[in-house]
$ cat data.cif   # mmCIF, C-alpha atoms and all ligand atoms
data_target
loop_
_atom_site.label_atom_id
_atom_site.label_comp_id
_atom_site.auth_asym_id
_atom_site.auth_seq_id
_atom_site.Cartn_x
_atom_site.Cartn_y
_atom_site.Cartn_z
CA MET A 39 6.49 -5.05 10.07
CA SER A 40 9.65 -7.02 9.46
CA ASP A 41 9.92 -9.53 6.68
CA ASP A 42 12.37 -12.41 6.94
CA SER A 43 12.99 -12.92 3.25
CA PRO A 44 14.63 -10.39 0.91
CA ALA A 45 12.15 -8.63 -1.38
CA THR A 46 11.39 -10.20 -4.74
CA SER A 47 10.98 -6.82 -6.44
CA PRO A 48 14.31 -5.17 -7.31
CA GLU A 49 12.59 -1.78 -7.67
CA PRO A 50 11.96 -0.27 -4.23
CA LEU A 51 9.17 2.31 -3.97
CA PRO A 52 10.05 5.81 -2.76
CA LEU A 53 9.16 6.91 0.76
CA PRO A 54 5.87 8.86 0.58
CA PRO A 55 6.01 12.59 1.43
CA VAL A 56 6.00 13.58 5.09
CA PRO A 57 2.36 13.87 6.27
CA SER A 58 1.52 17.49 7.10
CA TYR A 59 0.37 16.60 10.62
CA ALA A 60 3.82 15.16 11.36
CA ALA A 61 5.52 18.29 10.08
CA ARG A 62 3.39 20.32 12.48
CA ARG A 63 4.19 18.09 15.44
CA LEU A 64 7.88 17.16 15.19
CA ASP A 65 10.72 19.65 15.14
CA ARG A 66 12.52 20.15 11.86
CA ALA A 67 15.76 18.38 12.81
CA ALA A 68 13.93 15.33 14.19
CA LEU A 69 11.80 15.14 11.07
CA ALA A 70 14.84 15.36 8.80
CA ARG A 71 16.49 12.45 10.66
CA LEU A 72 13.28 10.43 10.57
CA THR A 73 12.88 11.08 6.85
CA ALA A 74 16.45 9.93 6.13
CA TYR A 75 15.86 6.78 8.16
CA GLY A 76 12.54 6.18 6.35
CA GLU A 77 14.34 6.52 3.02
CA ALA A 78 16.94 3.97 4.15
CA LEU A 79 14.17 1.56 5.16
CA ALA A 80 12.29 2.07 1.89
CA SER A 81 15.40 1.41 -0.22
CA ASP A 82 18.17 -0.66 1.35
CA GLY A 83 15.79 -1.92 4.06
CA VAL A 84 13.48 -3.45 1.48
CA ILE A 85 16.29 -4.90 -0.63
CA ARG A 86 17.82 -6.53 2.46
CA GLY A 87 14.50 -7.85 3.76
CA MET A 88 14.36 -5.59 6.82
CA ILE A 89 10.80 -4.64 5.90
CA GLY A 90 8.39 -5.95 3.29
CA PRO A 91 7.89 -3.83 0.13
CA ARG A 92 4.18 -3.49 0.95
CA GLU A 93 5.10 -1.58 4.11
CA VAL A 94 6.66 1.31 2.19
CA PRO A 95 3.44 3.20 1.31
CA ILE A 96 2.40 3.02 4.98
CA LEU A 97 5.82 3.66 6.50
CA TRP A 98 4.90 7.06 7.92
CA ASP A 99 1.45 6.36 9.32
CA ARG A 100 1.75 2.78 10.45
CA HIS A 101 5.36 2.65 11.52
CA LEU A 102 7.52 5.78 11.89
CA LEU A 103 4.93 8.07 13.44
CA ASN A 104 3.43 5.40 15.70
CA CYS A 105 6.87 4.88 17.14
CA ALA A 106 7.64 8.61 17.32
CA ALA A 107 4.39 9.14 19.27
CA MET A 108 5.68 6.76 21.95
CA ALA A 109 8.16 9.49 22.88
CA GLU A 110 5.29 11.23 24.68
CA ALA A 111 5.51 8.51 27.36
CA VAL A 112 9.30 8.75 27.73
CA GLU A 113 10.79 10.97 30.44
CA ARG A 114 13.78 13.22 29.75
CA LYS A 115 17.20 11.55 29.61
CA ALA A 116 15.70 8.07 29.98
CA LYS A 117 17.74 4.97 29.38
CA ILE A 118 15.64 2.86 27.02
CA VAL A 119 16.08 -0.80 26.12
CA ASP A 120 14.16 -1.90 23.02
CA ILE A 121 13.50 -5.64 22.79
CA GLY A 122 13.09 -7.30 19.37
CA THR A 123 13.80 -4.05 17.59
CA GLY A 124 13.89 -5.57 14.08
CA ALA A 125 14.81 -2.77 11.68
CA GLY A 126 14.78 -0.22 14.55
CA LEU A 127 11.15 0.15 15.61
CA PRO A 128 10.58 1.76 18.01
CA GLY A 129 14.09 2.01 19.54
CA LEU A 130 15.94 3.71 16.70
CA VAL A 131 13.03 6.06 16.01
CA LEU A 132 13.06 7.14 19.66
CA ALA A 133 16.80 7.82 19.44
CA LEU A 134 16.25 9.86 16.26
CA VAL A 135 13.46 12.06 17.60
CA ARG A 136 14.78 12.38 21.17
CA PRO A 137 18.43 13.45 21.34
CA ASP A 138 18.28 13.32 25.17
CA VAL A 139 17.78 9.53 25.49
CA GLN A 140 20.20 6.58 25.59
CA VAL A 141 19.02 3.45 23.76
CA VAL A 142 20.03 -0.20 23.77
CA LEU A 143 18.63 -2.22 20.87
CA ILE A 144 18.33 -5.99 21.48
CA GLU A 145 17.67 -8.12 18.43
CA THR A 146 18.13 -11.82 17.88
CA LEU A 147 18.77 -11.84 14.11
CA GLN A 148 22.33 -10.98 13.16
CA ARG A 149 21.58 -9.43 9.77
CA ARG A 150 19.09 -7.05 11.42
CA CYS A 151 21.79 -6.13 13.94
CA ASP A 152 24.15 -5.42 11.03
CA PHE A 153 21.57 -3.06 9.51
CA LEU A 154 20.98 -1.41 12.90
CA SER A 155 24.72 -0.88 13.43
CA GLU A 156 24.97 0.76 10.00
CA MET A 157 22.09 3.10 10.89
CA VAL A 158 23.74 3.95 14.21
CA ALA A 159 26.93 4.91 12.35
CA ARG A 160 25.10 6.76 9.58
CA PHE A 161 23.12 8.92 12.02
CA GLU A 162 26.14 9.43 14.31
CA LEU A 163 24.43 7.80 17.27
CA VAL A 164 27.37 5.77 18.58
CA GLN A 165 27.53 7.77 21.83
CA ARG A 166 23.87 7.08 22.63
CA VAL A 167 22.80 3.87 20.92
CA THR A 168 24.16 0.34 21.45
CA VAL A 169 23.17 -2.72 19.43
CA ILE A 170 23.17 -6.10 21.19
CA TRP A 171 22.82 -9.26 19.13
CA GLY A 172 21.03 -11.82 21.28
CA ARG A 173 17.81 -13.04 22.79
CA ALA A 174 16.34 -10.63 25.33
CA GLU A 175 16.01 -13.38 27.91
CA GLU A 176 19.71 -14.26 27.60
CA VAL A 177 21.20 -10.74 27.59
CA PRO A 178 22.51 -9.52 31.02
CA PRO A 179 20.10 -7.13 32.84
CA GLN A 180 20.38 -3.58 31.50
CA GLU A 181 18.93 -1.49 34.39
CA ALA A 182 16.79 0.60 32.07
CA ASP A 183 14.28 3.29 32.97
CA ILE A 184 12.04 2.03 30.16
CA VAL A 185 11.93 -1.25 28.25
CA THR A 186 10.06 -0.85 24.97
CA SER A 187 8.73 -3.39 22.50
CA ARG A 188 6.49 -3.48 19.45
CA ALA A 189 5.09 -6.51 17.60
CA VAL A 190 7.38 -8.97 19.36
CA ALA A 191 5.12 -11.31 21.40
CA PRO A 192 1.91 -11.36 23.44
CA LEU A 193 2.24 -9.39 26.69
CA LYS A 194 2.21 -12.59 28.79
CA LYS A 195 5.36 -13.75 27.05
CA LEU A 196 6.95 -10.29 26.87
CA VAL A 197 6.84 -9.56 30.61
CA PRO A 198 9.58 -12.07 31.58
CA TRP A 199 11.71 -10.88 28.64
CA CYS A 200 11.34 -7.17 29.46
CA MET A 201 11.14 -6.88 33.26
CA PRO A 202 14.67 -8.17 34.00
CA HIS A 203 16.01 -5.25 31.93
CA ALA A 204 14.06 -2.61 33.91
CA ARG A 205 15.54 -1.13 37.07
CA ILE A 206 13.38 -1.23 40.21
CA ASP A 207 10.70 1.44 39.60
CA GLY A 208 11.53 1.34 35.90
CA ARG A 209 8.79 0.22 33.54
CA MET A 210 8.02 -1.67 30.39
CA LEU A 211 6.11 0.04 27.59
CA ALA A 212 4.65 -2.35 25.05
CA LEU A 213 3.08 -0.85 21.95
CA LYS A 214 -0.16 -2.76 21.48
CA GLY A 215 -3.15 -2.23 19.22
CA GLN A 216 -6.80 -2.73 19.97
CA LYS A 217 -6.05 -5.85 22.02
CA ALA A 218 -4.15 -3.93 24.71
CA GLU A 219 -6.81 -4.42 27.44
CA GLU A 220 -7.27 -8.10 26.60
CA GLU A 221 -3.51 -8.73 26.72
CA LEU A 222 -3.17 -6.81 29.96
CA ASN A 223 -5.86 -8.97 31.60
CA ALA A 224 -4.24 -12.15 30.33
CA ALA A 225 -0.86 -11.08 31.75
CA HIS A 226 -2.12 -10.34 35.27
CA LYS A 227 -0.46 -13.36 36.90
CA VAL A 228 2.94 -12.86 35.33
CA LEU A 229 2.88 -9.13 36.09
CA HIS A 230 2.10 -10.02 39.71
CA ARG A 231 5.39 -11.95 39.88
CA TRP A 232 7.20 -8.64 39.30
CA SER A 233 4.90 -6.78 41.71
CA ALA A 234 3.78 -4.92 38.61
CA ALA A 235 0.12 -5.95 38.40
CA LYS A 236 -1.08 -3.02 40.51
CA HIS A 237 1.10 -0.64 38.55
CA ALA A 238 -0.02 -1.60 35.07
CA GLU A 239 -2.20 0.56 32.86
CA ILE A 240 -3.03 1.45 29.27
CA LEU A 241 -1.57 4.71 28.01
CA THR A 242 -2.58 6.54 24.86
CA CYS A 243 -0.08 8.55 22.84
CA GLY A 244 -0.50 10.66 19.73
CA THR A 245 -3.98 11.92 20.65
CA GLY A 246 -4.90 14.80 18.39
CA TRP A 247 -2.30 14.09 15.74
CA ILE A 248 -2.25 10.33 15.02
CA ASP A 249 -5.36 8.52 13.92
CA PRO A 250 -5.97 6.19 15.66
CA PRO A 251 -3.79 7.16 18.65
CA VAL A 252 -1.26 4.61 19.86
CA LYS A 253 -2.09 2.29 22.75
CA LEU A 254 0.69 1.25 25.11
CA VAL A 255 0.70 -1.12 28.04
CA SER A 256 2.80 0.42 30.80
CA ALA A 257 3.83 -1.70 33.79
CA THR A 258 6.18 -0.58 36.55
CA ARG A 259 8.55 -3.06 38.16
CA ARG A 260 8.46 -2.85 41.96
CA LYS A 261 10.85 -5.66 42.85
C1 LIG B 301 7.72 -8.91 14.12
S1 LIG B 301 9.32 -8.29 14.39
C2 LIG B 301 9.01 -6.67 14.99
C3 LIG B 301 10.18 -5.80 14.81
C4 LIG B 301 9.99 -4.36 15.28
N1 LIG B 301 9.84 -4.27 16.72
C5 LIG B 301 8.80 -3.73 14.59
O1 LIG B 301 7.87 -3.29 15.26
O2 LIG B 301 8.81 -3.66 13.35
C6 LIG B 301 9.87 -9.13 15.84
C7 LIG B 301 11.36 -9.01 16.05
O3 LIG B 301 11.69 -9.52 17.32
C8 LIG B 301 12.86 -10.30 17.23
N2 LIG B 301 12.82 -11.22 18.38
C9 LIG B 301 11.96 -12.25 18.55
N3 LIG B 301 12.18 -12.85 19.73
C10 LIG B 301 13.19 -12.17 20.32
C11 LIG B 301 13.88 -12.30 21.56
N4 LIG B 301 13.58 -13.27 22.41
N5 LIG B 301 14.87 -11.43 21.85
C12 LIG B 301 15.20 -10.45 20.97
N6 LIG B 301 14.59 -10.28 19.78
C13 LIG B 301 13.60 -11.13 19.46
C14 LIG B 301 12.78 -10.94 15.86
O4 LIG B 301 14.04 -11.35 15.36
C15 LIG B 301 12.18 -9.80 15.05
O5 LIG B 301 13.18 -8.98 14.47
#

$ encode --input "data.cif" --output "structure tokens"
Amino acid sequence: MSDDSPATSPEPLPLPPVPSYAARRLDRAALARLTAYGEALASDGVIRGMIGPREVPILWDRHLLNCAAMAEAVERKAKIVDIGTGAGLPGLVLALVRPDVQVVLIETLQRRCDFLSEMVARFELVQRVTVIWGRAEEVPPQEADIVTSRAVAPLKKLVPWCMPHARIDGRMLALKGQKAEEELNAAHKVLHRWSAAKHAEILTCGTGWIDPPVKLVSATRRK
């Protein structure tokens, strides 16, 4: 969803109202935090080129709620590392809707890291969320329970970026669309190198409240 260049329009659009199905699903405090973050993305985020202005009308459905639904696959008190987090998707969203998790956000563009650090301060997440400016493949291993990613690279390329940050028996969770199966097949060899090929599967989150539900590739690191 990220857009490298600052928006040409000086007039950001407002964040659309919270969809009723989200209000039924998320608790009130989580929804309030998510709304405030959505408003920051729709205003400052657009002006600073964190997201494109055309993303604003679809912020809830396409972005915030897709990422929030990923929480269904996250165990309690997990340490999460989010690779290529951009403006905070899904890592910051997971921190906002799940007060029990610790999150490390790894992002290679400095100005996105600046925005992320401001969000961390604004939402008082400094105890639970760390921002690392760097390339995932160059950052020291983080020993995470879960390594998340969304819209960063094809699975084949993502595996060697994510797996070093997972502890043994930890897993990577890559948010993928309709091509999840195809990407999983194409990544078989590289997953095998991490003894993860036999422990890879497609998970679906958001069934019954997000349309279409979210498809994740989950692969567990065994060595
Ligand atoms: C298309 S954006 C997606 C951002 C966010 N995950 C989302 O879903 O909106 C990809 C992001 O990954 C970052 N990125 C690309 N390669 C990376 C790497 N090797 N390590 C860390 N971040 C990377 C880019 O700077 C960019 O912010």

$ closest_residue --input "data.cif" --among "A:Lys253, A:Arg173, A:Arg92, A:His101" --to "ligand LIG 301 (chain B)" --atoms "all atoms listed in the file"
A:Arg173

$ residues_near_ligand --input "data.cif" --ligand "ligand LIG 301 (chain B)" --cutoff "9 Å" --atoms "only C-alpha atoms and all ligand atoms" --output "number ranges by chain"
A: 39-42, 88-89, 101, 105, 120-129, 143-148, 150, 171-177, 186-191, 196, 199, 213

$ axis_aligned_box --input "data.cif" --around "stretch 231-236 of chain A" --padding-each-side "6 Å" --output "AutoDock Vina command-line options"
--center_x 3.1 --center_y -7.5 --center_z 40.1 --size_x 20.3 --size_y 20.9 --size_z 15.3

$ residues_around --input "data.cif" --residues "A:Glu239" --least-positions-apart "2" --cutoff "9 Å" --atoms "only C-alpha atoms" --output "number ranges by chain"
A: 219, 222, 235-237, 241, 254-257

$ closest_residue --input "data.cif" --among "A:Arg160, A:Arg66, A:Arg86, A:Lys194" --to "A:Arg231" --atoms "all atoms listed in the file"
A:Lys194

$ closest_residue --input "data.cif" --among "A:Arg114, A:Arg166, A:Arg136, A:His203" --to "A:Leu69" --atoms "all atoms listed in the file"
A:Arg136

$ atom_distance --input "data.cif" --atom1 "atom CA of A:Val158" --atom2 "atom CA of A:Val185"
19.1 Å

$ residues_near_point --input "data.cif" --point "(16.5, 2.7, 32.8)" --cutoff "12 Å" --atoms "only C-alpha atoms" --output "compact mmCIF listing (two decimals) with C-alpha atoms, in the coordinates of the input"
# COMPACT_ATOMS: atom_id res chain seq x y z
CA VAL A 112 9.30 8.75 27.73
CA GLU A 113 10.79 10.97 30.44
CA ARG A 114 13.78 13.22 29.75
CA LYS A 115 17.20 11.55 29.61
CA ALA A 116 15.70 8.07 29.98
CA LYS A 117 17.74 4.97 29.38
CA ILE A 118 15.64 2.86 27.02
CA VAL A 119 16.08 -0.80 26.12
CA ASP A 120 14.16 -1.90 23.02
CA VAL A 139 17.78 9.53 25.49
CA GLN A 140 20.20 6.58 25.59
CA VAL A 141 19.02 3.45 23.76
CA VAL A 142 20.03 -0.20 23.77
CA PRO A 179 20.10 -7.13 32.84
CA GLN A 180 20.38 -3.58 31.50
CA GLU A 181 18.93 -1.49 34.39
CA ALA A 182 16.79 0.60 32.07
CA ASP A 183 14.28 3.29 32.97
CA ILE A 184 12.04 2.03 30.16
CA VAL A 185 11.93 -1.25 28.25
CA THR A 186 10.06 -0.85 24.97
CA CYS A 200 11.34 -7.17 29.46
CA MET A 201 11.14 -6.88 33.26
CA PRO A 202 14.67 -8.17 34.00
CA HIS A 203 16.01 -5.25 31.93
CA ALA A 204 14.06 -2.61 33.91
CA ARG A 205 15.54 -1.13 37.07
CA ILE A 206 13.38 -1.23 40.21
CA ASP A 207 10.70 1.44 39.60
CA GLY A 208 11.53 1.34 35.90
CA ARG A 209 8.79 0.22 33.54
CA MET A 210 8.02 -1.67 30.39
CA LEU A 211 6.11 0.04 27.59
CA THR A 258 6.18 -0.58 36.55
CA ARG A 259 8.55 -3.06 38.16

$ closest_residue --input "data.cif" --among "A:Pro198, A:Gly83, A:Pro178, A:Pro57" --to "A:Trp98" --atoms "all atoms listed in the file"
A:Pro57

$ closest_atom_pairs --input "data.cif" --of "stretch 104-184 of chain A" --to "stretch 71-75 of chain A" --cutoff "10 Å" --atoms "all atoms listed in the file" --output "JSON lines"
{"residue": "A:Ala106", "atom": "CA", "partner": "A:Leu72", "partner_atom": "CA", "distance": 9.0}
{"residue": "A:Gly126", "atom": "CA", "partner": "A:Tyr75", "partner_atom": "CA", "distance": 9.5}
{"residue": "A:Leu130", "atom": "CA", "partner": "A:Tyr75", "partner_atom": "CA", "distance": 9.1}
{"residue": "A:Val131", "atom": "CA", "partner": "A:Leu72", "partner_atom": "CA", "distance": 7.0}
{"residue": "A:Leu132", "atom": "CA", "partner": "A:Leu72", "partner_atom": "CA", "distance": 9.7}
{"residue": "A:Ala133", "atom": "CA", "partner": "A:Leu72", "partner_atom": "CA", "distance": 9.9}
{"residue": "A:Leu134", "atom": "CA", "partner": "A:Arg71", "partner_atom": "CA", "distance": 6.2}
{"residue": "A:Val135", "atom": "CA", "partner": "A:Leu72", "partner_atom": "CA", "distance": 7.2}
{"residue": "A:Met157", "atom": "CA", "partner": "A:Tyr75", "partner_atom": "CA", "distance": 7.7}
{"residue": "A:Arg160", "atom": "CA", "partner": "A:Tyr75", "partner_atom": "CA", "distance": 9.3}
{"residue": "A:Phe161", "atom": "CA", "partner": "A:Arg71", "partner_atom": "CA", "distance": 7.6}

$ atom_distance --input "data.cif" --atom1 "atom CA of A:Ala107" --atom2 "atom CA of A:Gly244"
5.1 Å

$ closest_residue --input "data.cif" --among "A:Cys151, A:Ala224, A:Ala80, A:Ile248" --to "A:Leu103" --atoms "all atoms listed in the file"
A:Ile248

$ atom_distance --input "data.cif" --atom1 "atom CA of A:Leu193" --atom2 "atom CA of A:Glu221"
5.8 Å

$ closest_residue --input "data.cif" --among "A:Pro54, A:Arg62, A:Asp99, A:Val197" --to "A:Asp249" --atoms "only C-alpha atoms"
A:Asp99
